[in-house]
Amino acid sequence: MKAVHRSDVGRVRAVNEDRAYVAVLDNGYYLAIVADGMGGHQAGDIASRLAVETVVSELSALPQDLQANQLERALEAAILRANQTIFHIASQDEKYYHMGTTIVAALFDHSKCNGYIGHIGDSRAYSVDRQGILQLTEDHTLVNELVKNGQIEPEEAMRHPRRNVLIRALGTDAQVEVDMKPITLGSGQYLLLCSDGLTNMMNSDQIWSAVIDPSLPLEAKADRLLGQSLNAGGDDNITIVLLEQAESGTMEEGWNS
């Protein structure tokens, strides 16, 4: 498996409140995370950093050779621990009241093919292959609820004035629910984790075209996604983690900042 990540402040924001992480942990599990912080000056940056640091710390302590259901519970528990950490700090200092972050994290077993995605907020995970692109996560946003209830059309959601209003986030409440989903990354498939700075600028077809281009190496695919979202406006921080399962099915380790 190969991986690359990119993060950019965008063309409008002064501070990058996003965080990305991808690595093979010392215990052999493969972990990728995108977090998009919120809460005002510095608070969002702190929330996303705490989310990533806490999840990495918790999962780095796992024993090797866990079963699939144990990996799922471990990822969920690590995200919930991050929620407790962020909420506690926010409740102790008025500068950080209401700070929080989205999170989308993927944890793979030693084969680097089977794993789980844990998700809160509107950062997304996509599965991409030659046949198409599939959104694996469901946005925890006001406009997505309006779409589900039939009050607006999906096309309206992308330009709705309240499209960035979250109804669930990490660290804003003492208790939170984590959406969990199993994933198998097959030969020739890609997994994309990204903040809404990408998906607010590019639709699924545009993302698919950039990722599936066979003429580009993985790094260039990530650069193209970033460049196209910047050219489309770049009105938010943009963060991308792109993972590729080698066509041969063998594992190719590598990741770049």
# chains A, B, ... in the order shown; residues from 1 in each chain; ligands from 1
>>> closest_atom_pairs(of="segment 103-191 of chain A", to="segment 35-50 of chain A", cutoff="8 Å", atoms="only C-alpha atoms", output="tab-separated table")
residue	atom	partner	partner_atom	distance
A:Ile103	CA	A:Ala35	CA	4.4
A:Val104	CA	A:Ala35	CA	6.6
A:Ser123	CA	A:Asp36	CA	7.1
A:Gly171	CA	A:Ala47	CA	7.6
>>> write_last_selection(atoms="N, CA, C and O atoms", output="PDB file, in the first residue's frame")
ATOM      1  N   ILE A 103     -13.634  14.310  12.301  1.00  0.00           N
ATOM      2  CA  ILE A 103     -12.586  13.299  12.167  1.00  0.00           C
ATOM      3  C   ILE A 103     -13.077  12.206  11.235  1.00  0.00           C
ATOM      4  O   ILE A 103     -14.251  11.817  11.276  1.00  0.00           O
ATOM      5  N   VAL A 104     -12.201  11.762  10.363  1.00  0.00           N
ATOM      6  CA  VAL A 104     -12.415  10.538   9.611  1.00  0.00           C
ATOM      7  C   VAL A 104     -11.096   9.786   9.665  1.00  0.00           C
ATOM      8  O   VAL A 104     -10.039  10.335   9.326  1.00  0.00           O
ATOM      9  N   SER A 123     -15.999  15.697   7.278  1.00  0.00           N
ATOM     10  CA  SER A 123     -14.869  15.178   6.513  1.00  0.00           C
ATOM     11  C   SER A 123     -15.278  13.793   5.999  1.00  0.00           C
ATOM     12  O   SER A 123     -16.023  13.079   6.670  1.00  0.00           O
ATOM     13  N   GLY A 171     -15.714  16.541  20.330  1.00  0.00           N
ATOM     14  CA  GLY A 171     -15.245  17.445  21.370  1.00  0.00           C
ATOM     15  C   GLY A 171     -16.224  18.509  21.813  1.00  0.00           C
ATOM     16  O   GLY A 171     -15.953  19.214  22.783  1.00  0.00           O
TER      17      GLY A 171
END
>>> closest_atom_pairs(of="segment 85-176 of chain A", to="segment 190-196 of chain A", cutoff="8 Å", atoms="only C-alpha atoms", output="tab-separated table")
residue	atom	partner	partner_atom	distance
A:Val104	CA	A:Leu193	CA	6.9
A:Ala105	CA	A:Leu193	CA	7.8
A:Asp122	CA	A:Asp196	CA	6.5
A:Ser123	CA	A:Ser195	CA	4.3
A:Arg124	CA	A:Cys194	CA	5.5
A:Ala125	CA	A:Leu193	CA	4.5
A:Tyr126	CA	A:Leu192	CA	5.0
A:Ser127	CA	A:Leu191	CA	4.9
A:Val128	CA	A:Tyr190	CA	5.0
A:Asp129	CA	A:Tyr190	CA	6.3
>>> write_last_selection(atoms="N, CA, C and O atoms", output="CSV table (one decimal), in the first residue's frame")
chain,number,residue,atom,x,y,z
A,104,VAL,N,-12.2,11.8,10.4
A,104,VAL,CA,-12.4,10.5,9.6
A,104,VAL,C,-11.1,9.8,9.7
A,104,VAL,O,-10.0,10.3,9.3
A,105,ALA,N,-11.1,8.5,10.2
A,105,ALA,CA,-9.9,7.8,10.4
A,105,ALA,C,-10.1,6.4,9.9
A,105,ALA,O,-11.2,5.8,10.0
A,122,ASP,N,-18.2,16.2,8.9
A,122,ASP,CA,-18.4,16.3,7.4
A,122,ASP,C,-17.1,16.1,6.6
A,122,ASP,O,-17.1,16.3,5.4
A,123,SER,N,-16.0,15.7,7.3
A,123,SER,CA,-14.9,15.2,6.5
A,123,SER,C,-15.3,13.8,6.0
A,123,SER,O,-16.0,13.1,6.7
A,124,ARG,N,-14.8,13.4,4.8
A,124,ARG,CA,-15.3,12.3,4.2
A,124,ARG,C,-14.3,11.2,3.8
A,124,ARG,O,-13.1,11.5,3.8
A,125,ALA,N,-14.8,10.0,3.6
A,125,ALA,CA,-14.0,8.9,3.0
A,125,ALA,C,-14.7,8.4,1.7
A,125,ALA,O,-15.9,8.3,1.7
A,126,TYR,N,-13.9,8.2,0.7
A,126,TYR,CA,-14.4,7.7,-0.6
A,126,TYR,C,-13.5,6.5,-1.0
A,126,TYR,O,-12.3,6.5,-0.8
A,127,SER,N,-14.2,5.5,-1.6
A,127,SER,CA,-13.6,4.4,-2.3
A,127,SER,C,-13.6,4.7,-3.8
A,127,SER,O,-14.6,5.1,-4.3
A,128,VAL,N,-12.4,4.6,-4.4
A,128,VAL,CA,-12.3,5.0,-5.8
A,128,VAL,C,-11.6,3.8,-6.6
A,128,VAL,O,-10.6,3.3,-6.1
A,129,ASP,N,-12.3,3.4,-7.7
A,129,ASP,CA,-11.6,2.5,-8.6
A,129,ASP,C,-12.0,2.8,-10.0
A,129,ASP,O,-12.7,3.8,-10.3
>>> select_by_dssp(residues="segment 57-98 of chain A", states="alpha helix (DSSP H)", output="PyMOL selection string")
chain A and resi 57-60+68-92
>>> write_last_selection(atoms="C-alpha atoms", output="PDB file, in the first residue's frame")
ATOM      1  CA  SER A  57      -1.416   7.455  20.970  1.00  0.00           C
ATOM      2  CA  GLU A  58      -4.322   5.143  21.805  1.00  0.00           C
ATOM      3  CA  LEU A  59      -3.903   2.936  18.737  1.00  0.00           C
ATOM      4  CA  SER A  60      -0.104   2.795  19.007  1.00  0.00           C
ATOM      5  CA  ALA A  68     -11.387  -7.553  13.098  1.00  0.00           C
ATOM      6  CA  ASN A  69     -14.047  -6.849  15.730  1.00  0.00           C
ATOM      7  CA  GLN A  70     -11.323  -5.878  18.206  1.00  0.00           C
ATOM      8  CA  LEU A  71      -9.849  -3.405  15.692  1.00  0.00           C
ATOM      9  CA  GLU A  72     -13.265  -1.854  15.208  1.00  0.00           C
ATOM     10  CA  ARG A  73     -13.779  -1.421  18.953  1.00  0.00           C
ATOM     11  CA  ALA A  74     -10.250  -0.036  19.351  1.00  0.00           C
ATOM     12  CA  LEU A  75     -10.728   2.639  16.695  1.00  0.00           C
ATOM     13  CA  GLU A  76     -14.080   3.654  18.134  1.00  0.00           C
ATOM     14  CA  ALA A  77     -12.652   3.802  21.652  1.00  0.00           C
ATOM     15  CA  ALA A  78      -9.692   5.920  20.503  1.00  0.00           C
ATOM     16  CA  ILE A  79     -12.011   8.457  18.873  1.00  0.00           C
ATOM     17  CA  LEU A  80     -14.199   8.564  21.976  1.00  0.00           C
ATOM     18  CA  ARG A  81     -11.098   9.160  24.125  1.00  0.00           C
ATOM     19  CA  ALA A  82     -10.223  12.077  21.834  1.00  0.00           C
ATOM     20  CA  ASN A  83     -13.725  13.434  22.379  1.00  0.00           C
ATOM     21  CA  GLN A  84     -13.242  13.310  26.139  1.00  0.00           C
ATOM     22  CA  THR A  85      -9.864  15.044  25.890  1.00  0.00           C
ATOM     23  CA  ILE A  86     -11.077  17.904  23.700  1.00  0.00           C
ATOM     24  CA  PHE A  87     -14.300  18.409  25.666  1.00  0.00           C
ATOM     25  CA  HIS A  88     -12.403  18.505  28.964  1.00  0.00           C
ATOM     26  CA  ILE A  89      -9.932  21.132  27.753  1.00  0.00           C
ATOM     27  CA  ALA A  90     -12.715  23.215  26.207  1.00  0.00           C
ATOM     28  CA  SER A  91     -14.677  23.173  29.454  1.00  0.00           C
ATOM     29  CA  GLN A  92     -11.654  24.366  31.470  1.00  0.00           C
TER      30      GLN A  92
END
>>> select_by_dssp(residues="segment 130-190 of chain A", states="strand (DSSP E)", output="PDB file with all heavy atoms, in the first residue's frame")
ATOM      1  N   GLY A 132     -15.805   3.481 -10.615  1.00  0.00           N
ATOM      2  CA  GLY A 132     -16.482   4.670 -10.113  1.00  0.00           C
ATOM      3  C   GLY A 132     -15.986   5.085  -8.747  1.00  0.00           C
ATOM      4  O   GLY A 132     -14.962   4.612  -8.257  1.00  0.00           O
ATOM      5  N   ILE A 133     -16.741   5.974  -8.126  1.00  0.00           N
ATOM      6  CA  ILE A 133     -16.403   6.519  -6.815  1.00  0.00           C
ATOM      7  C   ILE A 133     -17.594   6.337  -5.883  1.00  0.00           C
ATOM      8  O   ILE A 133     -18.747   6.533  -6.280  1.00  0.00           O
ATOM      9  CB  ILE A 133     -16.008   8.016  -6.930  1.00  0.00           C
ATOM     10  CG1 ILE A 133     -15.625   8.580  -5.549  1.00  0.00           C
ATOM     11  CG2 ILE A 133     -17.093   8.842  -7.591  1.00  0.00           C
ATOM     12  CD1 ILE A 133     -14.990   9.973  -5.635  1.00  0.00           C
ATOM     13  N   LEU A 134     -17.321   5.935  -4.646  1.00  0.00           N
ATOM     14  CA  LEU A 134     -18.374   5.681  -3.669  1.00  0.00           C
ATOM     15  C   LEU A 134     -18.059   6.428  -2.387  1.00  0.00           C
ATOM     16  O   LEU A 134     -16.983   6.245  -1.803  1.00  0.00           O
ATOM     17  CB  LEU A 134     -18.478   4.177  -3.378  1.00  0.00           C
ATOM     18  CG  LEU A 134     -19.489   3.755  -2.302  1.00  0.00           C
ATOM     19  CD1 LEU A 134     -20.918   4.076  -2.744  1.00  0.00           C
ATOM     20  CD2 LEU A 134     -19.339   2.269  -1.994  1.00  0.00           C
ATOM     21  N   GLN A 135     -18.984   7.281  -1.942  1.00  0.00           N
ATOM     22  CA  GLN A 135     -18.816   7.958  -0.661  1.00  0.00           C
ATOM     23  C   GLN A 135     -19.150   6.973   0.454  1.00  0.00           C
ATOM     24  O   GLN A 135     -20.245   6.422   0.509  1.00  0.00           O
ATOM     25  CB  GLN A 135     -19.725   9.191  -0.571  1.00  0.00           C
ATOM     26  CG  GLN A 135     -19.520  10.000   0.700  1.00  0.00           C
ATOM     27  CD  GLN A 135     -20.356  11.266   0.733  1.00  0.00           C
ATOM     28  OE1 GLN A 135     -20.670  11.850  -0.316  1.00  0.00           O
ATOM     29  NE2 GLN A 135     -20.739  11.692   1.924  1.00  0.00           N
ATOM     30  N   ASP A 179     -19.696   6.923  13.867  1.00  0.00           N
ATOM     31  CA  ASP A 179     -20.121   6.037  12.790  1.00  0.00           C
ATOM     32  C   ASP A 179     -18.955   5.135  12.415  1.00  0.00           C
ATOM     33  O   ASP A 179     -17.847   5.616  12.142  1.00  0.00           O
ATOM     34  CB  ASP A 179     -20.546   6.837  11.556  1.00  0.00           C
ATOM     35  CG  ASP A 179     -21.892   7.511  11.720  1.00  0.00           C
ATOM     36  OD1 ASP A 179     -22.511   7.342  12.790  1.00  0.00           O
ATOM     37  OD2 ASP A 179     -22.323   8.209  10.781  1.00  0.00           O
ATOM     38  N   MET A 180     -19.181   3.828  12.381  1.00  0.00           N
ATOM     39  CA  MET A 180     -18.141   2.863  12.058  1.00  0.00           C
ATOM     40  C   MET A 180     -18.545   2.082  10.805  1.00  0.00           C
ATOM     41  O   MET A 180     -19.700   1.718  10.645  1.00  0.00           O
ATOM     42  CB  MET A 180     -17.920   1.894  13.224  1.00  0.00           C
ATOM     43  CG  MET A 180     -17.491   2.554  14.529  1.00  0.00           C
ATOM     44  SD  MET A 180     -15.878   3.366  14.441  1.00  0.00           S
ATOM     45  CE  MET A 180     -14.816   1.986  13.992  1.00  0.00           C
ATOM     46  N   LYS A 181     -17.559   1.819   9.952  1.00  0.00           N
ATOM     47  CA  LYS A 181     -17.845   1.109   8.699  1.00  0.00           C
ATOM     48  C   LYS A 181     -16.656   0.230   8.333  1.00  0.00           C
ATOM     49  O   LYS A 181     -15.515   0.708   8.321  1.00  0.00           O
ATOM     50  CB  LYS A 181     -18.106   2.109   7.578  1.00  0.00           C
ATOM     51  CG  LYS A 181     -18.565   1.483   6.260  1.00  0.00           C
ATOM     52  CD  LYS A 181     -18.849   2.548   5.230  1.00  0.00           C
ATOM     53  CE  LYS A 181     -19.414   1.943   3.944  1.00  0.00           C
ATOM     54  NZ  LYS A 181     -20.771   1.401   4.151  1.00  0.00           N
ATOM     55  N   PRO A 182     -16.886  -1.044   8.003  1.00  0.00           N
ATOM     56  CA  PRO A 182     -15.783  -1.898   7.548  1.00  0.00           C
ATOM     57  C   PRO A 182     -15.380  -1.525   6.131  1.00  0.00           C
ATOM     58  O   PRO A 182     -16.191  -1.050   5.334  1.00  0.00           O
ATOM     59  CB  PRO A 182     -16.375  -3.308   7.607  1.00  0.00           C
ATOM     60  CG  PRO A 182     -17.845  -3.100   7.440  1.00  0.00           C
ATOM     61  CD  PRO A 182     -18.157  -1.781   8.094  1.00  0.00           C
ATOM     62  N   ILE A 183     -14.108  -1.749   5.798  1.00  0.00           N
ATOM     63  CA  ILE A 183     -13.617  -1.468   4.452  1.00  0.00           C
ATOM     64  C   ILE A 183     -12.579  -2.505   4.064  1.00  0.00           C
ATOM     65  O   ILE A 183     -11.767  -2.926   4.900  1.00  0.00           O
ATOM     66  CB  ILE A 183     -13.028  -0.046   4.339  1.00  0.00           C
ATOM     67  CG1 ILE A 183     -12.523   0.220   2.914  1.00  0.00           C
ATOM     68  CG2 ILE A 183     -11.919   0.183   5.357  1.00  0.00           C
ATOM     69  CD1 ILE A 183     -12.086   1.634   2.651  1.00  0.00           C
ATOM     70  N   THR A 184     -12.651  -2.935   2.819  1.00  0.00           N
ATOM     71  CA  THR A 184     -11.616  -3.777   2.220  1.00  0.00           C
ATOM     72  C   THR A 184     -11.070  -3.029   1.022  1.00  0.00           C
ATOM     73  O   THR A 184     -11.828  -2.641   0.131  1.00  0.00           O
ATOM     74  CB  THR A 184     -12.182  -5.139   1.779  1.00  0.00           C
ATOM     75  OG1 THR A 184     -12.671  -5.828   2.927  1.00  0.00           O
ATOM     76  CG2 THR A 184     -11.102  -5.976   1.113  1.00  0.00           C
ATOM     77  N   TYR A 190      -8.404   2.781  -4.476  1.00  0.00           N
ATOM     78  CA  TYR A 190      -7.910   3.923  -3.708  1.00  0.00           C
ATOM     79  C   TYR A 190      -8.886   4.222  -2.571  1.00  0.00           C
ATOM     80  O   TYR A 190     -10.093   4.029  -2.698  1.00  0.00           O
ATOM     81  CB  TYR A 190      -7.822   5.172  -4.583  1.00  0.00           C
ATOM     82  CG  TYR A 190      -6.887   5.059  -5.754  1.00  0.00           C
ATOM     83  CD1 TYR A 190      -7.314   4.502  -6.950  1.00  0.00           C
ATOM     84  CD2 TYR A 190      -5.571   5.514  -5.665  1.00  0.00           C
ATOM     85  CE1 TYR A 190      -6.462   4.395  -8.043  1.00  0.00           C
ATOM     86  CE2 TYR A 190      -4.711   5.412  -6.752  1.00  0.00           C
ATOM     87  CZ  TYR A 190      -5.166   4.853  -7.941  1.00  0.00           C
ATOM     88  OH  TYR A 190      -4.324   4.749  -9.013  1.00  0.00           O
TER      89      TYR A 190
END
>>> residues_around(residues="Arg11 of chain A", least_positions_apart="4", cutoff="10 Å", atoms="only C-alpha atoms", output="number ranges by chain")
A: 230-231, 233-238
>>> closest_residue(among="A:Ile167, A:Val211, A:Glu17, A:His110", to="Glu138 of chain A", atoms="only C-alpha atoms")
A:Ile167
>>> closest_residue(among="A:Asn27, A:Asn144, A:Thr54, A:Asn114", to="Leu185 of chain A", atoms="only C-alpha atoms")
A:Asn114
>>> closest_residue(among="A:Val22, A:Ala220, A:Leu225, A:Leu31", to="Asp205 of chain A", atoms="only C-alpha atoms")
A:Leu225
>>> atom_distance(atom1="atom CA of Leu66 of chain A", atom2="atom CA of Ala106 of chain A")
15.4 Å
>>> residues_around(residues="Gly188 of chain A", least_positions_apart="2", cutoff="7 Å", atoms="only C-alpha atoms", output="NGL selection string")
:A and (129 or 186 or 190 or 244-247)
>>> atom_distance(atom1="atom CA of Arg19 of chain A", atom2="atom CA of Ala32 of chain A")
10.8 Å
>>> atom_distance(atom1="atom CA of Ala51 of chain A", atom2="atom CA of Ala23 of chain A")
15.7 Å
>>> closest_residue(among="A:His5, A:His140, A:Arg13, A:His98", to="Ala174 of chain A", atoms="only C-alpha atoms")
A:His98
